[in-house]
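Let me begin by presenting the structure, written as structure tokens, before commenting on it.
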Amino acid sequence: MDAQVRSVLRRVIQRIPNKNIENLLKKWNCLSADQLCALDYTRPKWMIVEQVTSFCEENRLNLKHITNLEMIYHIENPDKGVWHACQLTEAQDDAVGVDLTQFKEQFKAHLHGVVRHISIKIKKHEDEAIWIRIAWGDNFSKPNHLKPTYVVHHLHTSYVFISNLMAKHKIFLCQALVIATKHGSIKDGHLSTRSLTAMRELLLRRYQQVTYPAMFTVTKHLFAGLFTDPCIGKEHSEHEEMRYQMSCEAFGHGPTPKLETAVYRLETRYRGNGNHTLSDREEFFRGVVRFSSSSLLDSLRHCVASGMAEGPVTPLLSAITQRGRNYFVITDKGPGVSSQASAQRA
């Protein structure tokens, strides 16, 4: 193995917790049973790396085998790195007929035609997701396997998820995706997160969405029973019911996608009447508002349901789930018109 192959192997093994290395190597299926038994997973990581590297050299494994191990690691750990969503638009009539073989052929043919040195590996996962690993080179340098781009796409859906893509390669990848999926164009989805799982749950509607859970009727009666005065109990339960209904309509019921941030970029004018210096300004006020939480949608839902935030839920927050994005630009549409969330990123 050359230096680059060893570096890729070391980086993959170093990322894996010791307790998970054995299962990953078994799925890789490139080491013998005796070699797997010889590994002591309680030893320091650097010693495990050296021993695995020695076994790989003994088995004469090449770059193809090592990049396959890296893909298995990323597929098993989809919530690593930063992912960005894109949306395919203008589907052609035969887009629904595209199968995996056609997609592979068209995708690889286009990229090999525009980039002289490039390495492309495509694998279909059990959940029907297509995982793509791209190591980019150019006319003068070989593919850099230490900084690959990862792409995930479910055939016959309009969403593509991308991680670690440099700006200079974006046009080539977008062209290849449009051609291979038989669409007219692709646009920014204005959604980014460290969790690919959360991104797919949100855009592919895999989380529990109900407008009004029947389970709340039980909570309603229990809450009403806390008060000796039935009128007071009824009034409080109605308010509680309304808040809970609004929270579920906006953010769903049950486990929500684990988004961590929502960003609002402000480009608005001052609208107060008491300060002419500010209200007469022609320039926009510019700023950024960021909401952060380990589970942002859960936090927002709790704020509404508990009464910490007044209802109804503002469209600027409910748009996170309804429009599937967490980046918004708020602009003034004109004098006297309230600010709205723009669909375009500046």
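By convention here, the chains of the structure tokens are called A, B, ... in the order presented, each chain's residues are numbered starting at 1, and ligands are numbered starting at 1 in the order presented.
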
Subject >> Contact residues around Gly324 in chain A with only C-alpha atoms at 10 Å, ignoring same-chain residues under 6 positions, as a PyMOL selection string >> reply: chain A and resi 85+189-191+199-205+318

Report as a Markdown table the residues of range 116-138 of chain A within 12 Å of range 93-102 of chain A, each with its shortest atom pair and distance in Å (one decimal), using only C-alpha atoms, ordered by chain and increasing residue number.
| residue | atom | partner | partner_atom | distance |
| --- | --- | --- | --- | --- |
| A:Ile122 | CA | A:Leu100 | CA | 9.7 |
| A:Lys123 | CA | A:Leu100 | CA | 9.8 |
| A:Lys124 | CA | A:Leu100 | CA | 8.4 |
| A:His125 | CA | A:Leu100 | CA | 11.7 |
| A:Glu128 | CA | A:Leu100 | CA | 10.0 |
| A:Ala129 | CA | A:Leu100 | CA | 10.4 |
| A:Ile130 | CA | A:Leu100 | CA | 8.3 |
| A:Trp131 | CA | A:Leu100 | CA | 11.3 |

**OP:** Pick out each residue of range 76-230 of chain A that DSSP on the backbone tags as strand (DSSP E or B); I need them as JSON, numbers by chain.
**Re:** {"A": [83, 84, 85, 86, 87, 88, 89, 90, 91, 118, 119, 120, 121, 122, 123, 124, 129, 130, 131, 132, 133, 134, 135, 136, 149, 150, 151, 152, 153, 154, 159, 160, 161, 162, 163, 183, 184, 185, 186, 187, 188, 189, 190, 191, 192, 193]}

Subject >> Residue nearest Ile186 in chain A - candidates A:Thr89, A:Glu76, A:Glu126, A:Lys19, atoms counted: only C-alpha atoms >> reply: A:Thr89

**OP:** Tell me which of A:Phe161, A:Tyr327, A:Phe251, A:Tyr244 sits closest to Gln87 in chain A, counting only C-alpha atoms.
**Re:** A:Phe161

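Near Val289 in chain A, within 10 Å and counting only C-alpha atoms, sit Ala262, Val263, Tyr264, Arg265, Leu266 and Phe328 of chain A; same-chain residues fewer than 6 positions away were not included.
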
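Nearest residue to Ala135 in chain A, choosing from A:Val52, A:Ile118, A:Met1, A:Val288 and counting only C-alpha atoms: A:Ile118.
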
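Ranking A:Met308, A:Met166, A:Leu196, A:Ala250 by their shortest atom-to-atom distance to Asp79 in chain A, with only C-alpha atoms included, puts A:Leu196 first.
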
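Going from CA of Ala167 in chain A to CA of His145 in chain A covers 17.4 Å.
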
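Nearest to Pro44 in chain A of all the residues A:Pro17, A:His117, A:His183, A:Asn68 is A:Pro17, counting only C-alpha atoms.
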
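The gap separating CA of Ile134 in chain A from CA of Thr157 in chain A is 21.1 Å, in Å to one decimal.
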
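Minimum atom-to-atom distances from A:Ala180, A:Leu155, A:Ala305, A:Leu31 to His65 in chain A were compared using only C-alpha atoms, and the lowest value belongs to A:Leu31.
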